[in-house]
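Trainee: Before anything else, here's the structure in question.
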Amino acid sequence: MRHRSLLILTSAITAGALGLSACGSRDEGKNADDGGKTTVVIGVDAPLTGSLSALGQGIKNSVDLAAKIANKNNEVDGVTFKVESYDDKAVPASGQQNATKLVGNDDVLGVVGPLNSGVAQSMQGVFAKADLAQVSPANTTPDLTQGPGWTRGDKKRQFPTYFRTATTDIIQGRFAAQYYYKDAKKRKVFVIDDKQAYGSGLASIFAQEFKRLGGKVVDTDHLTVKETDFSGIASKVRTSGADSVYFGGQYPEGGLLSDQIKKAGADIPTMGGDGLYDPAFVKASSESNDGDLATSVGYPVEKLPSAKEFIKNYDAQGYKDPYAAYGGYSYDAAWAIIQAVKTVVEGNDGKLPDDARAKVTEALNKVSFDGVTGQVAFDEYGDTTNKQLTVYQVKDGKWISVKSDTFKD
């Protein structure tokens, strides 16, 4: 799980006298209830209901916290930040509808989300046409930033408005394979995915790296999201001779898959990506998950000095749901938008310009500050420059970090 330090996450941007003047094309956004300040909305899109709501609520709450801290500290003089959240239910069509709604609100100058890479694919074009920046705290599919040609080395940024604070599966999949082969000493793995953009892409990258290292992929299979009976796959795993399983997918299916593999008599670990790293993975299984593994982006937030303020402030708000796996990355994503707005206002005589959305997107490319999850900045594709990852293992029914490192080729 990750948290974001409420540090006055400084991009070392000094607070200038920005007083938003009453002249300017966006005066209609001034709010009398906020002392005449201009209202800037940060949108949120995430699964707020359904099986992935534990992650979605953590995203929403962490963005809300960032806005509250910015307002309390008067981070952007003359601007009040508000949050508008939409539930995509982890469904691409819902995400696209939400994107259209967010674009339609002129006060929205940036969006945090979504959780799922497949949902992001349905939203990117909508936001790009409106020059509206989105910063995902969780998407890891490489195609979203580098295009489908990345596997051939033909990388091309797809949308200038898309950014993310989570590292890509190019990094995560290889990191997992290296841990399985070098640290866990696994040699024969059975690879399974859920046929979704995130899961299949991650499994493919993992398998390629595992074989490059000298390991063997003994077999592969696929399951369908929201199904619950994986006994057929479990039986294949048991008879395959595999000493391990790698699953590309999310925790609702991952927990059941691990459970059924063990019930079939295969006493071997299941490993996956950040989609498995949630307490709900353990709860989904009636068998002990001890020994199962998951990678997740960044270092354990609870162990980062930079996250202490975030954790304290999050707890003080009394949110019903925990910040969960992407809380820190969500706070960082929101803070990046806040810092971009600050840059735009400071560069425009203390007021927002007519083309504020385009200017915020431009400013995001140059954002750099010490965030809760580490250094926050974006490369030429909109990907985070932070390549820190952690391997977690279930011990006594809880996720425990076992290795954190910065990925190196």
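By convention in this document, the chains of the structure tokens carry letters A, B, ... by their order, each chain's residues are numbered from 1, and ligands are numbered from 1 in the order they are shown.
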For range 303-325 of chain A against range 273-297 of chain A, with a cut-off of 12 Å and counting only C-alpha atoms, what is the closest atom pair and its distance in Å to one decimal for every residue that makes the cut, ordered by chain and number, as JSON lines?
Mentor:
```
{"residue": "A:Pro322", "atom": "CA", "partner": "A:Pro279", "partner_atom": "CA", "distance": 11.0}
{"residue": "A:Tyr323", "atom": "CA", "partner": "A:Asp278", "partner_atom": "CA", "distance": 11.1}
{"residue": "A:Ala324", "atom": "CA", "partner": "A:Asp278", "partner_atom": "CA", "distance": 7.3}
{"residue": "A:Ala325", "atom": "CA", "partner": "A:Asp278", "partner_atom": "CA", "distance": 6.7}
```
Trainee: Mind checking which residues fall within 12 Å of Leu257 in chain A, counting only C-alpha atoms, ignoring those fewer than 3 positions away in the same chain, and posting them as a PyMOL selection string?
Mentor: chain A and resi 192-194+221-235+237+245-254+260-264+266+269-272+276+281-282+284-287+289+292
Trainee: Any idea what the distance is between CA of Tyr314 in chain A and CA of Val394 in chain A?
Mentor: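 For CA of Tyr314 in chain A relative to CA of Val394 in chain A, the distance reads 25.3 Å.
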Trainee: Show which residues sit within 10 Å of Thr140 in chain A, as a PDB file with C-alpha atoms, in the first residue's frame. Count only C-alpha atoms, and ignore same-chain residues fewer than 5 positions away.
Mentor:
```pdb
ATOM      1  CA  LEU A 115      -6.916   2.514 -12.188  1.00  0.00           C
ATOM      2  CA  ASN A 116      -7.228   0.106 -15.123  1.00  0.00           C
ATOM      3  CA  SER A 117      -5.131   0.342 -18.271  1.00  0.00           C
ATOM      4  CA  THR A 145       2.598   6.057 -23.455  1.00  0.00           C
ATOM      5  CA  ARG A 164       1.483   8.477 -14.998  1.00  0.00           C
ATOM      6  CA  THR A 165       3.183   8.252 -11.620  1.00  0.00           C
ATOM      7  CA  ALA A 166       3.387   4.424 -11.704  1.00  0.00           C
ATOM      8  CA  THR A 167       6.191   2.724 -13.583  1.00  0.00           C
ATOM      9  CA  THR A 168       5.387   0.565 -16.610  1.00  0.00           C
ATOM     10  CA  ASP A 169       5.105  -3.195 -16.947  1.00  0.00           C
ATOM     11  CA  ILE A 170       8.259  -3.139 -19.052  1.00  0.00           C
ATOM     12  CA  ILE A 171       9.961  -2.529 -15.724  1.00  0.00           C
ATOM     13  CA  GLN A 172       7.600  -4.416 -13.422  1.00  0.00           C
ATOM     14  CA  GLY A 173       7.427  -7.626 -15.462  1.00  0.00           C
ATOM     15  CA  ALA A 197      -4.668  -5.171 -21.418  1.00  0.00           C
ATOM     16  CA  TYR A 198      -2.862  -4.999 -18.090  1.00  0.00           C
ATOM     17  CA  GLY A 199      -2.773  -8.708 -17.303  1.00  0.00           C
ATOM     18  CA  GLY A 201       0.831  -7.445 -21.266  1.00  0.00           C
ATOM     19  CA  LEU A 202       2.430  -7.973 -17.872  1.00  0.00           C
ATOM     20  CA  GLY A 273       1.999  -7.694 -10.312  1.00  0.00           C
ATOM     21  CA  ASP A 274       0.554  -4.764  -8.395  1.00  0.00           C
ATOM     22  CA  VAL A 297       5.689   0.072  -7.913  1.00  0.00           C
ATOM     23  CA  ASP A 383       6.151   8.015 -17.943  1.00  0.00           C
TER      24      ASP A 383
END
```
Trainee: Rounded to one decimal, what separation in Å do you get between CA of Asn365 in chain A and CA of Leu132 in chain A?
Mentor: 13.3 Å
Trainee: List as a ChimeraX atom specification the protein and nucleic acid residues near Lys387 in chain A, meaning an atom at most 7 Å away when only C-alpha atoms are counted, but skip any in the same chain fewer than 2 places from it.
Mentor: /A:167,385,389,406-407
Trainee: Any chance you can output those residues with N, CA and C atoms as an mmCIF file, in the first residue's frame?
Mentor:
```
data_model
loop_
_atom_site.group_PDB
_atom_site.id
_atom_site.type_symbol
_atom_site.label_atom_id
_atom_site.label_comp_id
_atom_site.auth_asym_id
_atom_site.auth_seq_id
_atom_site.Cartn_x
_atom_site.Cartn_y
_atom_site.Cartn_z
ATOM 1 N N THR A 167 5.292 3.190 -12.541
ATOM 2 C CA THR A 167 6.191 2.724 -13.583
ATOM 3 C C THR A 167 5.495 1.707 -14.484
ATOM 4 N N THR A 385 9.775 8.929 -14.032
ATOM 5 C CA THR A 385 11.212 8.634 -14.053
ATOM 6 C C THR A 385 11.610 7.772 -12.859
ATOM 7 N N LEU A 389 10.859 -0.388 -7.276
ATOM 8 C CA LEU A 389 9.822 -1.412 -7.128
ATOM 9 C C LEU A 389 10.092 -2.237 -5.872
ATOM 10 N N THR A 406 15.889 -0.363 -7.073
ATOM 11 C CA THR A 406 15.690 0.421 -8.279
ATOM 12 C C THR A 406 16.070 -0.434 -9.467
ATOM 13 N N PHE A 407 15.155 -0.572 -10.407
ATOM 14 C CA PHE A 407 15.387 -1.458 -11.543
ATOM 15 C C PHE A 407 16.518 -0.950 -12.418
#
```
Trainee: Any idea what the distance is between CA of Glu84 in chain A and CA of Ser330 in chain A?
Mentor: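 Separation between CA of Glu84 in chain A and CA of Ser330 in chain A: 14.2 Å.
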Trainee: Can you pull out every residue within 12 Å of Trp150 in chain A, counting only C-alpha atoms, but drop anything in the same chain fewer than 3 positions away, and send it as a PyMOL selection string?
Mentor: chain A and resi 141-147+153-158+168-170+201+205+381
Trainee: From a backbone DSSP assignment, name each residue in range 4-244 of chain A labelled strand (DSSP E or B), as a short mmCIF file (atom, residue, chain, number, x, y, z; two decimals) with N, CA, C and O atoms, in the first residue's frame.
Mentor:
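Saved the output as out30.cif:
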```cif
data_model
loop_
_atom_site.label_atom_id
_atom_site.label_comp_id
_atom_site.auth_asym_id
_atom_site.auth_seq_id
_atom_site.Cartn_x
_atom_site.Cartn_y
_atom_site.Cartn_z
N LYS A 30 -14.84 32.43 -10.47
CA LYS A 30 -14.61 32.92 -9.12
C LYS A 30 -15.77 32.53 -8.23
O LYS A 30 -16.93 32.54 -8.62
N ASN A 31 -15.45 32.17 -6.98
CA ASN A 31 -16.43 31.64 -6.05
C ASN A 31 -16.51 32.56 -4.85
O ASN A 31 -15.56 32.70 -4.09
N LYS A 37 -11.95 33.58 -4.68
CA LYS A 37 -10.90 32.80 -5.34
C LYS A 37 -11.46 32.06 -6.56
O LYS A 37 -12.65 31.75 -6.63
N THR A 38 -10.58 31.76 -7.48
CA THR A 38 -10.96 30.99 -8.66
C THR A 38 -10.98 29.50 -8.29
O THR A 38 -10.06 28.99 -7.65
N THR A 39 -12.03 28.82 -8.69
CA THR A 39 -12.15 27.39 -8.42
C THR A 39 -11.52 26.58 -9.54
O THR A 39 -11.85 26.78 -10.71
N VAL A 40 -10.61 25.70 -9.18
CA VAL A 40 -10.02 24.75 -10.12
C VAL A 40 -10.40 23.35 -9.66
O VAL A 40 -10.18 22.99 -8.50
N VAL A 41 -10.97 22.59 -10.56
CA VAL A 41 -11.43 21.24 -10.22
C VAL A 41 -10.41 20.21 -10.71
O VAL A 41 -9.93 20.28 -11.85
N ILE A 42 -10.07 19.29 -9.84
CA ILE A 42 -9.27 18.12 -10.20
C ILE A 42 -10.24 16.94 -10.29
O ILE A 42 -10.88 16.58 -9.31
N GLY A 43 -10.35 16.38 -11.46
CA GLY A 43 -11.25 15.24 -11.64
C GLY A 43 -10.61 13.95 -11.18
O GLY A 43 -9.39 13.82 -11.16
N VAL A 44 -11.42 13.00 -10.80
CA VAL A 44 -10.97 11.66 -10.43
C VAL A 44 -11.83 10.64 -11.15
O VAL A 44 -13.06 10.73 -11.14
N ASP A 45 -11.19 9.67 -11.77
CA ASP A 45 -11.91 8.55 -12.36
C ASP A 45 -11.29 7.26 -11.82
O ASP A 45 -10.08 7.06 -11.93
N ALA A 46 -12.13 6.42 -11.21
CA ALA A 46 -11.65 5.18 -10.61
C ALA A 46 -12.83 4.26 -10.36
O ALA A 46 -13.99 4.71 -10.37
N VAL A 79 -6.41 30.60 -5.74
CA VAL A 79 -7.07 29.42 -6.31
C VAL A 79 -7.53 28.48 -5.21
O VAL A 79 -6.79 28.20 -4.25
N THR A 80 -8.75 28.00 -5.34
CA THR A 80 -9.28 26.96 -4.46
C THR A 80 -9.45 25.68 -5.28
O THR A 80 -10.07 25.70 -6.35
N PHE A 81 -8.89 24.59 -4.80
CA PHE A 81 -9.01 23.31 -5.50
C PHE A 81 -10.18 22.49 -4.96
O PHE A 81 -10.37 22.40 -3.75
N LYS A 82 -10.92 21.93 -5.87
CA LYS A 82 -12.02 21.03 -5.51
C LYS A 82 -11.87 19.75 -6.31
O LYS A 82 -11.21 19.72 -7.35
N VAL A 83 -12.49 18.70 -5.82
CA VAL A 83 -12.38 17.39 -6.46
C VAL A 83 -13.75 16.91 -6.93
O VAL A 83 -14.74 17.03 -6.20
N GLU A 84 -13.79 16.41 -8.15
CA GLU A 84 -15.02 15.86 -8.71
C GLU A 84 -14.73 14.42 -9.13
O GLU A 84 -13.88 14.17 -9.98
N SER A 85 -15.41 13.46 -8.49
CA SER A 85 -15.09 12.05 -8.69
C SER A 85 -16.17 11.32 -9.48
O SER A 85 -17.37 11.57 -9.31
N TYR A 86 -15.71 10.39 -10.33
CA TYR A 86 -16.61 9.57 -11.13
C TYR A 86 -16.23 8.10 -11.01
O TYR A 86 -15.06 7.74 -10.96
N ASP A 87 -17.24 7.26 -10.98
CA ASP A 87 -17.07 5.81 -10.85
C ASP A 87 -17.07 5.17 -12.24
O ASP A 87 -18.07 5.24 -12.96
N VAL A 108 -12.46 21.99 -14.76
CA VAL A 108 -11.55 20.85 -14.61
C VAL A 108 -10.28 21.13 -15.41
O VAL A 108 -10.31 21.25 -16.63
N LEU A 109 -9.14 21.19 -14.71
CA LEU A 109 -7.86 21.46 -15.38
C LEU A 109 -6.91 20.27 -15.32
O LEU A 109 -5.79 20.34 -15.82
N GLY A 110 -7.34 19.18 -14.72
CA GLY A 110 -6.53 17.97 -14.66
C GLY A 110 -7.34 16.84 -14.06
O GLY A 110 -8.27 17.08 -13.29
N VAL A 111 -7.01 15.62 -14.44
CA VAL A 111 -7.74 14.44 -13.96
C VAL A 111 -6.75 13.41 -13.44
O VAL A 111 -5.72 13.14 -14.08
N VAL A 112 -7.04 12.82 -12.29
CA VAL A 112 -6.26 11.72 -11.75
C VAL A 112 -7.02 10.42 -12.01
O VAL A 112 -8.19 10.30 -11.67
N GLN A 134 -4.38 14.14 -17.97
CA GLN A 134 -4.72 13.10 -17.00
C GLN A 134 -3.42 12.49 -16.50
O GLN A 134 -2.47 12.33 -17.25
N VAL A 135 -3.41 12.18 -15.21
CA VAL A 135 -2.24 11.57 -14.59
C VAL A 135 -2.71 10.32 -13.86
O VAL A 135 -3.40 10.42 -12.85
N SER A 136 -2.35 9.17 -14.37
CA SER A 136 -2.78 7.93 -13.71
C SER A 136 -1.80 7.52 -12.62
O SER A 136 -0.59 7.55 -12.82
N TYR A 162 -1.36 12.63 -21.61
CA TYR A 162 -1.36 11.48 -20.71
C TYR A 162 -0.03 11.34 -19.97
O TYR A 162 1.04 11.33 -20.58
N PHE A 163 -0.12 11.21 -18.64
CA PHE A 163 1.04 11.03 -17.77
C PHE A 163 0.72 9.93 -16.75
O PHE A 163 -0.44 9.59 -16.55
N ARG A 164 1.74 9.42 -16.09
CA ARG A 164 1.48 8.48 -15.00
C ARG A 164 2.60 8.52 -13.96
O ARG A 164 3.77 8.75 -14.29
N LYS A 188 10.92 -23.33 -13.51
CA LYS A 188 9.84 -23.82 -14.38
C LYS A 188 8.53 -23.15 -13.95
O LYS A 188 7.95 -23.51 -12.93
N VAL A 189 8.07 -22.20 -14.75
CA VAL A 189 6.91 -21.42 -14.36
C VAL A 189 5.74 -21.66 -15.30
O VAL A 189 5.92 -21.85 -16.51
N PHE A 190 4.54 -21.67 -14.75
CA PHE A 190 3.30 -21.77 -15.51
C PHE A 190 2.71 -20.35 -15.54
O PHE A 190 2.43 -19.77 -14.49
N VAL A 191 2.52 -19.78 -16.73
CA VAL A 191 2.08 -18.39 -16.87
C VAL A 191 0.61 -18.32 -17.27
O VAL A 191 0.18 -18.95 -18.24
N ILE A 192 -0.15 -17.53 -16.52
CA ILE A 192 -1.60 -17.38 -16.74
C ILE A 192 -1.91 -15.89 -16.80
O ILE A 192 -1.30 -15.09 -16.09
N ASP A 193 -2.87 -15.51 -17.64
CA ASP A 193 -3.32 -14.11 -17.64
C ASP A 193 -4.83 -14.05 -17.79
O ASP A 193 -5.50 -15.05 -18.07
N LYS A 216 12.28 -21.70 -17.80
CA LYS A 216 11.39 -22.34 -18.77
C LYS A 216 9.94 -22.03 -18.43
O LYS A 216 9.52 -22.15 -17.28
N VAL A 217 9.17 -21.61 -19.43
CA VAL A 217 7.72 -21.47 -19.29
C VAL A 217 7.11 -22.80 -19.71
O VAL A 217 7.07 -23.12 -20.90
N VAL A 218 6.68 -23.60 -18.74
CA VAL A 218 6.23 -24.96 -19.04
C VAL A 218 4.88 -24.99 -19.75
O VAL A 218 4.59 -25.92 -20.51
N ASP A 219 4.06 -23.96 -19.51
CA ASP A 219 2.75 -23.90 -20.19
C ASP A 219 2.14 -22.53 -19.91
O ASP A 219 2.59 -21.80 -19.02
N THR A 220 1.11 -22.19 -20.69
CA THR A 220 0.37 -20.94 -20.50
C THR A 220 -1.12 -21.22 -20.57
O THR A 220 -1.55 -22.22 -21.15
N ASP A 221 -1.90 -20.33 -19.96
CA ASP A 221 -3.35 -20.44 -20.04
C ASP A 221 -3.96 -19.07 -19.77
O ASP A 221 -3.25 -18.13 -19.40
N HIS A 222 -5.27 -18.98 -19.95
CA HIS A 222 -5.98 -17.72 -19.77
C HIS A 222 -7.27 -17.99 -18.99
O HIS A 222 -7.86 -19.05 -19.09
N SER A 244 6.37 -23.03 -9.99
CA SER A 244 5.83 -21.71 -9.66
C SER A 244 4.78 -21.32 -10.69
O SER A 244 4.72 -21.87 -11.80
#
```
Trainee: Using only C-alpha atoms, which residues sit within 10 Å of range 88-95 of chain A once same-chain residues fewer than 5 positions away are excluded, as a list in words?
Mentor: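 Once the adjacent positions are removed, what remains is Val44, Asp45, Ala46, Pro47, Leu48, Thr49, Gly50, Ser51, Leu52, Ser53, Gly56, Thr100, Lys101, Gly113, Pro114, Leu115, Asn116, Ser117, Gly118, Val119, Ala120, Gln121, Ser122, Met123 and Gln124 of chain A.
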Trainee: Residues of range 200-306 of chain A classed as alpha helix (DSSP H) by DSSP on the backbone are to be reported as JSON, numbers by chain.
Mentor: {"A": [200, 201, 202, 203, 204, 205, 206, 207, 208, 209, 210, 211, 212, 213, 231, 232, 233, 234, 235, 236, 237, 238, 239, 240, 251, 252, 253, 254, 255, 256, 257, 258, 259, 260, 261, 262, 263, 279, 280, 281, 282, 283]}
Trainee: Using N, CA and C atoms, can you write the selected residues to a file as a compact mmCIF listing (two decimals), in the first residue's frame?
Mentor:
```
# COMPACT_ATOMS: atom_id res chain seq x y z
N SER A 200 -2.49 -9.37 -19.60
CA SER A 200 -1.81 -10.09 -20.68
C SER A 200 -0.47 -9.45 -21.02
N GLY A 201 -0.42 -8.13 -20.98
CA GLY A 201 0.83 -7.44 -21.27
C GLY A 201 1.89 -7.75 -20.22
N LEU A 202 1.49 -7.70 -18.95
CA LEU A 202 2.43 -7.97 -17.87
C LEU A 202 2.95 -9.41 -17.94
N ALA A 203 2.04 -10.36 -18.17
CA ALA A 203 2.44 -11.77 -18.25
C ALA A 203 3.41 -12.01 -19.40
N SER A 204 3.17 -11.35 -20.52
CA SER A 204 4.03 -11.51 -21.68
C SER A 204 5.44 -10.99 -21.41
N ILE A 205 5.53 -9.83 -20.79
CA ILE A 205 6.84 -9.24 -20.48
C ILE A 205 7.59 -10.12 -19.47
N PHE A 206 6.86 -10.60 -18.46
CA PHE A 206 7.46 -11.49 -17.47
C PHE A 206 8.03 -12.74 -18.14
N ALA A 207 7.21 -13.38 -18.97
CA ALA A 207 7.63 -14.63 -19.61
C ALA A 207 8.86 -14.44 -20.48
N GLN A 208 8.89 -13.34 -21.22
CA GLN A 208 10.03 -13.07 -22.10
C GLN A 208 11.31 -12.92 -21.29
N GLU A 209 11.25 -12.19 -20.18
CA GLU A 209 12.44 -11.98 -19.35
C GLU A 209 12.85 -13.27 -18.64
N PHE A 210 11.86 -14.04 -18.16
CA PHE A 210 12.17 -15.29 -17.45
C PHE A 210 12.91 -16.26 -18.38
N LYS A 211 12.47 -16.33 -19.62
CA LYS A 211 13.14 -17.21 -20.59
C LYS A 211 14.52 -16.67 -20.95
N ARG A 212 14.65 -15.35 -21.04
CA ARG A 212 15.96 -14.76 -21.35
C ARG A 212 16.98 -15.10 -20.27
N LEU A 213 16.51 -15.18 -19.04
CA LEU A 213 17.40 -15.49 -17.92
C LEU A 213 17.80 -16.97 -17.87
N SER A 231 -10.76 -24.47 -11.67
CA SER A 231 -10.28 -25.81 -11.33
C SER A 231 -9.59 -26.49 -12.51
N GLY A 232 -10.06 -26.20 -13.72
CA GLY A 232 -9.42 -26.78 -14.90
C GLY A 232 -7.99 -26.32 -15.06
N ILE A 233 -7.77 -25.01 -14.89
CA ILE A 233 -6.42 -24.47 -14.97
C ILE A 233 -5.58 -25.02 -13.82
N ALA A 234 -6.17 -25.10 -12.64
CA ALA A 234 -5.44 -25.59 -11.47
C ALA A 234 -4.95 -27.02 -11.69
N SER A 235 -5.78 -27.82 -12.32
CA SER A 235 -5.40 -29.21 -12.60
C SER A 235 -4.23 -29.26 -13.58
N LYS A 236 -4.25 -28.37 -14.59
CA LYS A 236 -3.16 -28.32 -15.55
C LYS A 236 -1.86 -27.89 -14.88
N VAL A 237 -1.96 -26.97 -13.95
CA VAL A 237 -0.77 -26.53 -13.22
C VAL A 237 -0.17 -27.69 -12.43
N ARG A 238 -1.04 -28.45 -11.76
CA ARG A 238 -0.57 -29.55 -10.92
C ARG A 238 0.18 -30.60 -11.72
N THR A 239 -0.28 -30.90 -12.93
CA THR A 239 0.35 -31.95 -13.73
C THR A 239 1.46 -31.44 -14.64
N SER A 240 1.71 -30.14 -14.62
CA SER A 240 2.69 -29.55 -15.55
C SER A 240 4.14 -29.70 -15.09
N TYR A 251 -6.55 -8.92 -8.25
CA TYR A 251 -6.68 -9.77 -7.05
C TYR A 251 -7.98 -10.55 -6.93
N PRO A 252 -9.13 -10.11 -7.46
CA PRO A 252 -10.33 -10.94 -7.29
C PRO A 252 -10.17 -12.33 -7.91
N GLU A 253 -9.62 -12.37 -9.13
CA GLU A 253 -9.38 -13.66 -9.77
C GLU A 253 -8.09 -14.31 -9.24
N GLY A 254 -7.09 -13.48 -8.95
CA GLY A 254 -5.81 -14.00 -8.49
C GLY A 254 -5.91 -14.76 -7.18
N GLY A 255 -6.69 -14.24 -6.25
CA GLY A 255 -6.85 -14.90 -4.97
C GLY A 255 -7.54 -16.25 -5.11
N LEU A 256 -8.57 -16.30 -5.95
CA LEU A 256 -9.28 -17.56 -6.18
C LEU A 256 -8.40 -18.55 -6.93
N LEU A 257 -7.62 -18.05 -7.88
CA LEU A 257 -6.73 -18.92 -8.65
C LEU A 257 -5.70 -19.58 -7.73
N SER A 258 -5.08 -18.78 -6.89
CA SER A 258 -4.10 -19.32 -5.95
C SER A 258 -4.74 -20.37 -5.04
N ASP A 259 -5.92 -20.07 -4.56
CA ASP A 259 -6.65 -20.99 -3.69
C ASP A 259 -6.89 -22.33 -4.37
N GLN A 260 -7.35 -22.27 -5.61
CA GLN A 260 -7.72 -23.51 -6.31
C GLN A 260 -6.49 -24.30 -6.77
N ILE A 261 -5.40 -23.61 -7.04
CA ILE A 261 -4.16 -24.30 -7.39
C ILE A 261 -3.68 -25.12 -6.19
N LYS A 262 -3.75 -24.54 -5.03
CA LYS A 262 -3.32 -25.24 -3.82
C LYS A 262 -4.26 -26.39 -3.47
N LYS A 263 -5.54 -26.17 -3.68
CA LYS A 263 -6.52 -27.24 -3.42
C LYS A 263 -6.33 -28.42 -4.38
N PRO A 279 -4.92 -6.57 0.40
CA PRO A 279 -5.40 -7.54 1.38
C PRO A 279 -6.52 -8.42 0.86
N ALA A 280 -7.28 -7.91 -0.11
CA ALA A 280 -8.40 -8.69 -0.65
C ALA A 280 -7.91 -9.94 -1.38
N PHE A 281 -6.67 -9.94 -1.87
CA PHE A 281 -6.10 -11.14 -2.49
C PHE A 281 -6.05 -12.28 -1.48
N VAL A 282 -5.62 -11.98 -0.28
CA VAL A 282 -5.53 -12.99 0.77
C VAL A 282 -6.91 -13.43 1.21
N LYS A 283 -7.82 -12.49 1.34
CA LYS A 283 -9.18 -12.80 1.80
C LYS A 283 -9.95 -13.65 0.79
```
